[in-house]
>>> print(open('data32.txt').read())   # compact mmCIF, C-alpha atoms and all ligand atoms
# COMPACT_ATOMS: atom_id res chain seq x y z
CA MET A 642 148.59 138.12 163.03
CA LYS A 643 147.33 140.06 166.06
CA TYR A 644 149.21 143.19 167.05
CA TYR A 645 149.06 145.98 169.58
CA VAL A 646 150.79 149.38 169.59
CA LEU A 647 151.94 151.24 172.67
CA ASP A 648 153.32 154.76 172.15
CA ARG A 649 155.13 157.25 174.38
CA GLY A 650 152.29 159.77 174.18
CA ASP A 651 154.17 162.66 172.59
CA GLU A 652 152.87 164.13 169.34
CA LEU A 653 155.32 162.32 167.03
CA SER A 654 154.77 158.92 168.67
CA VAL A 655 150.97 159.33 168.62
CA ASN A 656 151.04 160.30 164.92
CA LEU A 657 153.27 157.33 164.10
CA SER A 658 150.97 155.08 166.05
CA GLN A 659 148.01 156.26 163.92
CA THR A 660 150.04 155.71 160.72
CA PHE A 661 150.89 152.23 161.96
CA HIS A 662 147.20 151.33 162.57
CA LYS A 663 146.23 152.59 159.10
CA LEU A 664 148.96 150.55 157.38
CA ALA A 665 148.22 147.50 159.53
CA PHE A 666 144.57 147.60 158.45
CA GLU A 667 145.65 147.82 154.77
CA HIS A 668 148.04 144.86 155.26
CA GLY A 669 145.43 142.70 156.99
CA LEU A 670 146.88 142.70 160.54
CA ARG A 671 144.35 142.52 163.38
CA LEU A 672 144.43 144.86 166.39
CA ASP A 673 144.12 142.95 169.68
CA ALA A 674 144.75 144.71 172.98
CA GLU A 675 144.44 141.55 175.04
CA TYR A 676 146.23 138.69 173.26
CA PRO A 677 148.55 140.25 170.66
CA ASP A 678 151.24 138.13 169.00
CA ILE A 679 153.38 141.23 168.49
CA VAL A 680 153.52 144.40 170.55
CA VAL A 681 155.00 147.42 168.78
CA SER A 682 156.48 150.04 171.07
CA ILE A 683 156.80 153.52 169.54
CA GLY A 684 158.95 156.02 171.45
CA GLY A 685 162.18 154.92 173.10
CA ASP A 686 163.68 152.23 175.28
CA GLY A 687 161.62 153.66 178.16
CA THR A 688 158.46 152.98 176.13
CA MET A 689 159.54 149.35 175.73
CA LEU A 690 159.70 149.07 179.52
CA HIS A 691 156.05 150.19 179.65
CA ALA A 692 155.14 147.69 176.90
CA PHE A 693 156.92 144.89 178.77
CA HIS A 694 155.06 145.63 182.02
CA THR A 695 151.71 146.02 180.23
CA PHE A 696 152.04 142.46 178.86
CA ILE A 697 154.02 141.00 181.77
CA ASP A 698 151.47 138.21 182.21
CA ARG A 699 151.83 137.20 178.57
CA ILE A 700 155.61 137.37 178.19
CA SER A 701 156.00 133.80 176.96
CA THR A 702 153.50 134.24 174.10
CA THR A 703 154.18 137.85 173.09
CA ALA A 704 157.07 139.22 171.01
CA PHE A 705 158.10 142.86 170.93
CA VAL A 706 159.28 145.26 168.23
CA GLY A 707 160.57 148.75 168.98
CA VAL A 708 160.33 151.89 166.85
CA HIS A 709 162.45 154.80 168.05
CA THR A 710 161.35 158.37 167.53
CA GLY A 711 164.81 159.74 168.38
CA HIS A 712 168.06 157.78 168.15
CA LEU A 713 168.10 153.99 167.71
CA GLY A 714 167.93 152.31 171.08
CA PHE A 715 168.66 149.01 172.74
CA TYR A 716 165.11 147.76 172.42
CA ALA A 717 164.15 149.83 169.37
CA ASP A 718 165.46 148.72 165.97
CA TRP A 719 163.35 150.85 163.70
CA LYS A 720 163.43 154.54 162.92
CA SER A 721 160.22 156.54 162.55
CA ASP A 722 160.48 156.80 158.73
CA GLU A 723 160.85 153.02 158.37
CA ILE A 724 157.32 152.02 159.39
CA PRO A 725 156.23 151.05 155.80
CA GLN A 726 159.28 148.75 155.53
CA LEU A 727 158.54 147.23 158.95
CA MET A 728 154.91 146.70 157.93
CA SER A 729 155.90 144.77 154.76
CA LEU A 730 158.08 142.46 156.86
CA MET A 731 155.27 141.99 159.39
CA GLU A 732 152.91 141.10 156.54
CA SER A 733 155.37 138.45 155.25
CA HIS A 734 155.62 137.16 158.81
CA ALA A 735 151.81 136.96 159.01
CA ASN A 736 151.90 135.01 155.73
CA GLY A 737 154.22 132.37 157.17
CA GLU A 738 157.77 133.73 156.80
CA ARG A 739 159.59 133.14 160.07
CA PRO A 740 161.74 136.04 161.30
CA ARG A 741 164.56 135.61 163.81
CA ILE A 742 163.45 135.92 167.42
CA ALA A 743 166.01 137.19 169.94
CA SER A 744 165.22 135.95 173.45
CA TYR A 745 166.79 137.85 176.31
CA PRO A 746 167.05 136.84 179.98
CA ILE A 747 164.96 138.80 182.49
CA ILE A 748 164.98 138.86 186.30
CA GLN A 749 162.57 137.13 188.63
CA LEU A 750 161.96 139.06 191.85
CA ASP A 751 160.32 137.80 195.01
CA ILE A 752 159.80 140.75 197.35
CA ILE A 753 158.90 139.62 200.86
CA LYS A 754 157.37 142.23 203.18
CA LYS A 755 155.81 141.85 206.63
CA SER A 756 152.55 142.85 204.89
CA GLY A 757 152.77 140.34 202.02
CA THR A 758 154.76 139.03 199.08
CA LEU A 759 155.10 140.37 195.56
CA SER A 760 156.55 138.24 192.76
CA THR A 761 157.28 139.94 189.48
CA LEU A 762 159.71 140.23 186.57
CA CYS A 763 161.95 143.04 185.40
CA LEU A 764 163.44 143.78 182.02
CA ASN A 765 166.22 146.27 182.89
CA GLU A 766 166.86 146.23 186.61
CA PHE A 767 165.68 146.20 190.18
CA THR A 768 167.06 148.69 192.68
CA ILE A 769 166.77 149.11 196.41
CA LYS A 770 167.42 152.62 197.72
CA SER A 771 166.77 154.50 200.91
CA VAL A 772 164.29 157.33 201.16
CA ASP A 773 165.95 158.83 204.23
CA GLY A 774 169.51 157.82 204.97
CA THR A 775 171.80 154.91 204.35
CA VAL A 776 170.52 151.54 203.21
CA MET A 777 171.59 148.73 205.49
CA ALA A 778 171.21 145.35 203.87
CA GLN A 779 172.72 141.90 204.06
CA VAL A 780 173.51 140.32 200.69
CA ASP A 781 173.45 136.52 200.56
CA ILE A 782 174.50 134.54 197.50
CA ASN A 783 173.11 131.01 197.24
CA ASP A 784 171.97 131.16 200.89
CA GLN A 785 175.44 132.06 202.21
CA MET A 786 176.08 135.46 203.68
CA PHE A 787 178.25 137.43 201.25
CA GLU A 788 178.45 140.97 202.64
CA MET A 789 176.77 143.57 204.81
CA PHE A 790 176.01 146.56 202.58
CA ARG A 791 175.81 150.16 203.72
CA GLY A 792 175.39 152.91 201.18
CA ASP A 793 172.90 154.50 198.80
CA GLY A 794 171.61 151.24 197.37
CA ILE A 795 171.99 148.14 195.26
CA CYS A 796 171.14 147.59 191.60
CA VAL A 797 170.44 144.15 190.14
CA SER A 798 170.35 144.24 186.36
CA SER A 799 169.63 141.90 183.48
CA PRO A 800 172.11 141.62 180.57
CA SER A 801 169.92 143.87 178.36
CA GLY A 802 169.57 146.28 181.28
CA SER A 803 173.34 146.35 181.75
CA THR A 804 173.60 149.33 179.36
CA ALA A 805 171.10 151.36 181.42
CA TYR A 806 171.37 152.31 185.12
CA ASN A 807 173.95 149.57 185.72
CA LYS A 808 176.37 151.20 183.29
CA SER A 809 176.09 154.55 185.09
CA LEU A 810 177.12 152.72 188.26
CA GLY A 811 180.31 151.41 186.65
CA GLY A 812 178.83 147.96 186.04
CA THR A 813 179.92 145.94 183.06
CA VAL A 814 178.07 145.70 179.74
CA VAL A 815 176.88 142.11 179.28
CA HIS A 816 175.83 140.52 175.99
CA PRO A 817 172.15 139.48 176.30
CA SER A 818 172.89 135.93 175.14
CA ILE A 819 174.61 135.40 178.51
CA GLU A 820 172.13 134.16 181.09
CA ALA A 821 173.18 136.09 184.14
CA LEU A 822 172.28 138.87 186.51
CA GLN A 823 174.59 141.63 187.71
CA ILE A 824 174.72 143.11 191.20
CA SER A 825 176.15 146.64 191.29
CA GLU A 826 176.62 148.93 194.25
CA ILE A 827 175.21 152.44 194.46
CA ALA A 828 177.72 154.47 196.47
CA SER A 829 178.71 151.91 199.11
CA ILE A 830 180.39 153.07 202.30
CA ASN A 831 183.84 151.54 202.58
CA ASN A 832 186.17 152.30 205.47
CA ARG A 833 187.80 150.47 208.38
CA VAL A 834 184.40 149.60 209.85
CA PHE A 835 182.23 148.88 206.81
CA ARG A 836 183.38 146.77 203.89
CA THR A 837 181.74 145.65 200.65
CA MET A 838 183.09 143.99 197.54
CA GLY A 839 183.31 147.30 195.67
CA SER A 840 183.04 145.77 192.20
CA SER A 841 179.97 144.43 190.46
CA LEU A 842 179.23 140.70 190.52
CA LEU A 843 177.88 138.56 187.71
CA LEU A 844 175.77 135.59 188.83
CA PRO A 845 174.95 132.72 186.46
CA ALA A 846 171.39 131.54 185.86
CA HIS A 847 171.51 128.76 188.46
CA HIS A 848 172.55 131.11 191.30
CA HIS A 849 170.39 133.48 193.31
CA CYS A 850 170.90 136.36 195.69
CA ASP A 851 168.82 137.53 198.63
CA ILE A 852 168.94 141.08 199.91
CA TYR A 853 167.77 141.30 203.55
CA SER A 854 166.76 144.60 205.09
CA ARG A 855 168.82 144.92 208.26
CA LYS A 856 167.08 147.77 210.07
CA GLU A 857 163.71 149.49 210.09
CA GLN A 858 164.02 151.73 207.06
CA ASN A 859 161.91 153.57 204.51
CA LEU A 860 163.02 152.11 201.23
CA MET A 861 162.26 152.80 197.60
CA LEU A 862 162.26 149.72 195.41
CA THR A 863 162.39 150.33 191.67
CA ILE A 864 161.48 147.80 189.02
CA ASP A 865 162.47 149.30 185.65
CA HIS A 866 160.51 152.61 185.47
CA LEU A 867 158.24 151.72 188.43
CA SER A 868 158.86 152.87 192.02
CA ILE A 869 157.41 151.19 195.11
CA PRO A 870 157.87 152.73 198.58
CA VAL A 871 158.23 150.01 201.24
CA ASN A 872 158.69 150.41 205.01
CA ASP A 873 158.38 146.77 206.07
CA LEU A 874 160.77 144.92 203.80
CA ILE A 875 162.09 141.56 204.94
CA SER A 876 164.00 140.47 201.84
CA VAL A 877 164.16 140.37 198.05
CA ARG A 878 165.22 137.28 196.14
CA CYS A 879 166.69 137.97 192.67
CA GLN A 880 167.41 135.31 190.09
CA VAL A 881 167.42 134.86 186.34
CA ALA A 882 163.78 134.11 185.42
CA GLU A 883 162.70 130.92 183.70
CA GLN A 884 160.84 133.04 181.15
CA LYS A 885 162.63 135.19 178.59
CA VAL A 886 161.51 138.26 176.70
CA SER A 887 161.30 137.89 172.91
CA PHE A 888 162.11 140.54 170.33
CA VAL A 889 161.34 140.02 166.65
CA ARG A 890 164.44 140.78 164.60
CA TYR A 891 163.12 141.48 161.12
CA ARG A 892 166.65 142.50 160.24
CA PRO A 893 170.00 142.08 161.99
CA PHE A 894 171.10 144.74 164.47
CA PRO A 895 173.99 143.24 166.47
CA PHE A 896 174.19 144.13 170.15
CA TRP A 897 177.75 145.46 169.89
CA THR A 898 176.65 147.78 167.05
CA ARG A 899 173.93 149.11 169.37
CA VAL A 900 176.51 149.63 172.11
CA ARG A 901 178.85 151.44 169.74
CA ASN A 902 176.01 153.59 168.34
CA ALA A 903 174.79 154.50 171.80
CA PHE A 904 178.04 155.25 173.57
CA LEU A 905 180.84 155.79 171.09
CA ASP A 906 179.59 157.19 167.77
P1 LIG B 1 164.15 158.10 182.09
O1 LIG B 1 164.88 158.62 183.27
O2 LIG B 1 163.17 158.95 181.38
O3 LIG B 1 165.19 157.54 180.98
C1 LIG B 1 166.28 156.81 181.28
C2 LIG B 1 167.18 156.64 180.04
O4 LIG B 1 167.57 155.25 180.02
C3 LIG B 1 166.53 156.93 178.70
O5 LIG B 1 167.47 157.64 177.90
C4 LIG B 1 166.28 155.55 178.10
O6 LIG B 1 166.32 155.52 176.69
C5 LIG B 1 167.47 154.80 178.66
N1 LIG B 1 167.32 153.34 178.69
C6 LIG B 1 166.28 152.59 179.09
N2 LIG B 1 166.56 151.29 178.97
C7 LIG B 1 167.83 151.22 178.49
C8 LIG B 1 168.69 150.16 178.16
N3 LIG B 1 168.32 148.89 178.35
N4 LIG B 1 169.94 150.44 177.74
C9 LIG B 1 170.35 151.72 177.57
N5 LIG B 1 169.58 152.79 177.85
C10 LIG B 1 168.33 152.52 178.32
O7 LIG B 1 163.39 156.78 182.59
P2 LIG B 1 162.52 155.75 181.81
O8 LIG B 1 162.46 156.09 180.36
O9 LIG B 1 161.27 155.53 182.57
O10 LIG B 1 163.44 154.46 181.98
C11 LIG B 1 163.65 153.84 183.23
C12 LIG B 1 165.08 153.39 183.20
O11 LIG B 1 165.89 154.52 183.46
C13 LIG B 1 165.47 152.43 184.28
O12 LIG B 1 165.19 151.09 183.91
C14 LIG B 1 166.94 152.69 184.44
O13 LIG B 1 167.72 151.78 183.70
C15 LIG B 1 167.14 154.07 183.87
N6 LIG B 1 167.74 154.93 184.87
C16 LIG B 1 169.02 155.30 184.70
C17 LIG B 1 169.66 156.07 185.66
C18 LIG B 1 171.08 156.43 185.45
O14 LIG B 1 171.65 156.04 184.40
N7 LIG B 1 171.70 157.15 186.39
C19 LIG B 1 168.98 156.46 186.82
C20 LIG B 1 167.66 156.06 186.98
C21 LIG B 1 167.05 155.27 185.99
P3 LIG B 1 165.22 156.19 175.74
O15 LIG B 1 165.56 157.64 175.69
O16 LIG B 1 165.41 155.49 174.45
O17 LIG B 1 163.86 155.92 176.34
>>> encode(input="data32.txt", output="structure tokens", more="lines below")
Ligand code: NAP
Amino acid sequence: MKYYVLDRGDELSVNLSQTFHKLAFEHGLRLDAEYPDIVVSIGGDGTMLHAFHTFIDRISTTAFVGVHTGHLGFYADWKSDEIPQLMSLMESHANGERPRIASYPIIQLDIIKKSGTLSTLCLNEFTIKSVDGTVMAQVDINDQMFEMFRGDGICVSSPSGSTAYNKSLGGTVVHPSIEALQISEIASINNRVFRTMGSSLLLPAHHHCDIYSRKEQNLMLTIDHLSIPVNDLISVRCQVAEQKVSFVRYRPFPFWTRVRNAFLD
């Protein structure tokens, strides 16, 4: 089995990463930075976003495992003192035992600018925000105009991203087995002149939405942890991607337990 480790860069994560390499060598796993079967992210959920984007071109053949150096996260099942246990399970996997793979929907983005097109994927969410002033954008669903948005911005999240930025915006928490994307507003302006839906919308996998820029504006597009300034946006198409992201579940950790651990306990 070929593996790669990506850590957050802080002292604890770097040390754990070194421990992981040592144990992997002893257990006969092979380090491969280019074509790993399993990518181990050591840090937090934010580190998993980096791991996802590092291997974005190999999403259909790579599976991810997360080790958390703080609290257990949404993408990180393992605590820092559990690396020997994880390694034994990875060794059994390398020797033919098949672990459960959880496949989560991700979002396909097609960003069309006057200066060119960018197609990419996101794990948590895409946002469109203004750098200087109110965002003015037309939201179409399945090629029909839905609303004219004015406000701070729009967030389009995946089910596994629904517990991140989306949740802070009052969006709903969606189980990642549901193939959908969620559109949430960031401080929309609603009065007698301007009107938006006001609640978040959940689109199924066979629907799509297009967000059209409706004035010359300096925008900031975010794709997970990445930010892209854009001043010539035409539109962004968002839909559930054909590909999914795979996480190796060497042991059960139900989504609702994660939600409870993160927000209620
Ligand atoms: P950050 O600002 O350093 O951390 C954002 C926080 O979001 C971290 O606590 C991170 O957990 C947590 N997180 C990431 N993915 C999550 C998920 N799927 N469910 C629940 N919590 C999650 O930024 P970052 O580490 O580079 O992460 C970028 C993410 O930050 C974006 O994708 C966005 O979701 C989130 N964000 C949230 C807000 C907000 O809630 N107001 C605003 C901007 C961005 P760890 O501590 O485990 O890494």
>>> closest_residue(input="data32.txt", among="A:Ile869, A:Leu730, A:Ile864, A:Ala743", to="ligand LIG 1 (chain B)", atoms="all atoms listed in the file")
A:Ile864
>>> closest_residue(input="data32.txt", among="A:Leu759, A:Ile819, A:Val900, A:Val655", to="ligand LIG 1 (chain B)", atoms="only C-alpha atoms and all ligand atoms")
A:Val900
>>> closest_atom_pairs(input="data32.txt", of="chain A", to="ligand LIG 1 (chain B)", cutoff="6 Å", atoms="all atoms listed in the file", output="tab-separated table")
residue	atom	partner	partner_atom	distance
A:Gly685	CA	B:LIG1	O16	3.5
A:Asp686	CA	B:LIG1	O16	3.8
A:Gly687	CA	B:LIG1	O8	3.4
A:Gly714	CA	B:LIG1	O16	5.3
A:Phe715	CA	B:LIG1	N4	5.4
A:Asn765	CA	B:LIG1	O12	5.0
A:Glu766	CA	B:LIG1	O12	5.8
A:Ser801	CA	B:LIG1	N3	5.3
A:Gly802	CA	B:LIG1	N3	4.1
A:Thr804	CA	B:LIG1	N4	4.2
A:Ala805	CA	B:LIG1	C9	3.9
A:Tyr806	CA	B:LIG1	O14	3.8
A:Ser809	CA	B:LIG1	O14	4.7
A:Asp865	CA	B:LIG1	O12	3.7
A:His866	CA	B:LIG1	C11	4.0
>>> write_last_selection(input="data32.txt", atoms="C-alpha atoms", output="mmCIF file, in the frame of the given file")
data_model
loop_
_atom_site.group_PDB
_atom_site.id
_atom_site.type_symbol
_atom_site.label_atom_id
_atom_site.label_comp_id
_atom_site.auth_asym_id
_atom_site.auth_seq_id
_atom_site.Cartn_x
_atom_site.Cartn_y
_atom_site.Cartn_z
ATOM 1 C CA GLY A 685 162.180 154.920 173.100
ATOM 2 C CA ASP A 686 163.680 152.230 175.280
ATOM 3 C CA GLY A 687 161.620 153.660 178.160
ATOM 4 C CA GLY A 714 167.930 152.310 171.080
ATOM 5 C CA PHE A 715 168.660 149.010 172.740
ATOM 6 C CA ASN A 765 166.220 146.270 182.890
ATOM 7 C CA GLU A 766 166.860 146.230 186.610
ATOM 8 C CA SER A 801 169.920 143.870 178.360
ATOM 9 C CA GLY A 802 169.570 146.280 181.280
ATOM 10 C CA THR A 804 173.600 149.330 179.360
ATOM 11 C CA ALA A 805 171.100 151.360 181.420
ATOM 12 C CA TYR A 806 171.370 152.310 185.120
ATOM 13 C CA SER A 809 176.090 154.550 185.090
ATOM 14 C CA ASP A 865 162.470 149.300 185.650
ATOM 15 C CA HIS A 866 160.510 152.610 185.470
#
>>> atom_distance(input="data32.txt", atom1="atom CA of Pro746 of chain A", atom2="atom CA of His712 of chain A")
24.1 Å
>>> atom_distance(input="data32.txt", atom1="atom CA of Ser654 of chain A", atom2="atom CA of Ile683 of chain A")
5.8 Å
>>> residues_near_point(input="data32.txt", point="(168.1, 156.4, 199.4)", cutoff="12 Å", atoms="all atoms listed in the file", output="number ranges by chain")
A: 768-777, 791-795, 827-829, 858-863, 870-871
>>> closest_residue(input="data32.txt", among="A:Leu874, A:Ile824, A:Val886, A:Met728", to="Leu762 of chain A", atoms="only C-alpha atoms")
A:Val886
>>> closest_atom_pairs(input="data32.txt", of="segment 727-800 of chain A", to="segment 836-842 of chain A", cutoff="8 Å", atoms="all atoms listed in the file", output="Markdown table")
| residue | atom | partner | partner_atom | distance |
| --- | --- | --- | --- | --- |
| A:Glu788 | CA | A:Thr837 | CA | 6.1 |
| A:Met789 | CA | A:Thr837 | CA | 6.8 |
| A:Phe790 | CA | A:Thr837 | CA | 6.1 |
>>> decode(input="data32.txt", residues="segment 671-731 of chain A", atoms="C-alpha atoms", output="PDB file, in the first residue's frame")
ATOM      1  CA  ARG A 671       5.476   2.568   0.964  1.00  0.00           C
ATOM      2  CA  LEU A 672       5.716   6.380   0.884  1.00  0.00           C
ATOM      3  CA  ASP A 673       4.545   7.798  -2.459  1.00  0.00           C
ATOM      4  CA  ALA A 674       4.001  11.529  -2.858  1.00  0.00           C
ATOM      5  CA  GLU A 675       2.578  11.233  -6.355  1.00  0.00           C
ATOM      6  CA  TYR A 676       0.210   8.251  -6.510  1.00  0.00           C
ATOM      7  CA  PRO A 677      -0.698   7.336  -2.915  1.00  0.00           C
ATOM      8  CA  ASP A 678      -3.594   4.962  -2.237  1.00  0.00           C
ATOM      9  CA  ILE A 679      -4.156   6.623   1.139  1.00  0.00           C
ATOM     10  CA  VAL A 680      -3.442  10.177   2.206  1.00  0.00           C
ATOM     11  CA  VAL A 681      -3.191  10.719   5.957  1.00  0.00           C
ATOM     12  CA  SER A 682      -3.937  14.243   7.105  1.00  0.00           C
ATOM     13  CA  ILE A 683      -2.515  15.161  10.521  1.00  0.00           C
ATOM     14  CA  GLY A 684      -3.830  18.372  12.106  1.00  0.00           C
ATOM     15  CA  GLY A 685      -7.491  19.289  11.836  1.00  0.00           C
ATOM     16  CA  ASP A 686     -10.364  19.520   9.394  1.00  0.00           C
ATOM     17  CA  GLY A 687      -8.556  22.488   7.818  1.00  0.00           C
ATOM     18  CA  THR A 688      -5.579  20.198   7.114  1.00  0.00           C
ATOM     19  CA  MET A 689      -7.915  17.786   5.320  1.00  0.00           C
ATOM     20  CA  LEU A 690      -8.958  20.634   3.027  1.00  0.00           C
ATOM     21  CA  HIS A 691      -5.276  21.101   2.104  1.00  0.00           C
ATOM     22  CA  ALA A 692      -4.893  17.332   1.556  1.00  0.00           C
ATOM     23  CA  PHE A 693      -7.994  17.276  -0.663  1.00  0.00           C
ATOM     24  CA  HIS A 694      -6.718  20.142  -2.832  1.00  0.00           C
ATOM     25  CA  THR A 695      -3.195  18.669  -3.020  1.00  0.00           C
ATOM     26  CA  PHE A 696      -4.633  15.461  -4.544  1.00  0.00           C
ATOM     27  CA  ILE A 697      -7.591  17.059  -6.346  1.00  0.00           C
ATOM     28  CA  ASP A 698      -6.524  15.504  -9.655  1.00  0.00           C
ATOM     29  CA  ARG A 699      -6.486  12.035  -8.104  1.00  0.00           C
ATOM     30  CA  ILE A 700      -9.718  12.171  -6.091  1.00  0.00           C
ATOM     31  CA  SER A 701     -11.240   9.066  -7.674  1.00  0.00           C
ATOM     32  CA  THR A 702      -8.230   6.853  -6.842  1.00  0.00           C
ATOM     33  CA  THR A 703      -7.184   8.289  -3.474  1.00  0.00           C
ATOM     34  CA  ALA A 704      -8.779   7.718  -0.058  1.00  0.00           C
ATOM     35  CA  PHE A 705      -8.230   9.941   2.959  1.00  0.00           C
ATOM     36  CA  VAL A 706      -7.761   9.348   6.684  1.00  0.00           C
ATOM     37  CA  GLY A 707      -7.671  12.162   9.235  1.00  0.00           C
ATOM     38  CA  VAL A 708      -5.759  12.352  12.509  1.00  0.00           C
ATOM     39  CA  HIS A 709      -6.735  15.237  14.768  1.00  0.00           C
ATOM     40  CA  THR A 710      -4.219  16.883  17.038  1.00  0.00           C
ATOM     41  CA  GLY A 711      -6.931  18.684  19.023  1.00  0.00           C
ATOM     42  CA  HIS A 712     -10.570  17.594  19.246  1.00  0.00           C
ATOM     43  CA  LEU A 713     -12.031  14.968  16.899  1.00  0.00           C
ATOM     44  CA  GLY A 714     -13.253  16.611  13.743  1.00  0.00           C
ATOM     45  CA  PHE A 715     -15.573  15.998  10.837  1.00  0.00           C
ATOM     46  CA  TYR A 716     -12.836  14.681   8.579  1.00  0.00           C
ATOM     47  CA  ALA A 717     -10.511  13.427  11.332  1.00  0.00           C
ATOM     48  CA  ASP A 718     -11.425  10.176  13.098  1.00  0.00           C
ATOM     49  CA  TRP A 719      -8.210   9.477  14.932  1.00  0.00           C
ATOM     50  CA  LYS A 720      -6.640  11.097  17.962  1.00  0.00           C
ATOM     51  CA  SER A 721      -2.903  11.737  18.133  1.00  0.00           C
ATOM     52  CA  ASP A 722      -2.237   8.888  20.614  1.00  0.00           C
ATOM     53  CA  GLU A 723      -4.007   6.351  18.381  1.00  0.00           C
ATOM     54  CA  ILE A 724      -1.466   6.253  15.539  1.00  0.00           C
ATOM     55  CA  PRO A 725      -0.134   2.729  16.442  1.00  0.00           C
ATOM     56  CA  GLN A 726      -3.726   1.393  16.363  1.00  0.00           C
ATOM     57  CA  LEU A 727      -4.377   3.118  13.029  1.00  0.00           C
ATOM     58  CA  MET A 728      -1.138   1.680  11.640  1.00  0.00           C
ATOM     59  CA  SER A 729      -2.136  -1.912  12.558  1.00  0.00           C
ATOM     60  CA  LEU A 730      -5.444  -1.457  10.740  1.00  0.00           C
ATOM     61  CA  MET A 731      -3.652   0.025   7.721  1.00  0.00           C
TER      62      MET A 731
END
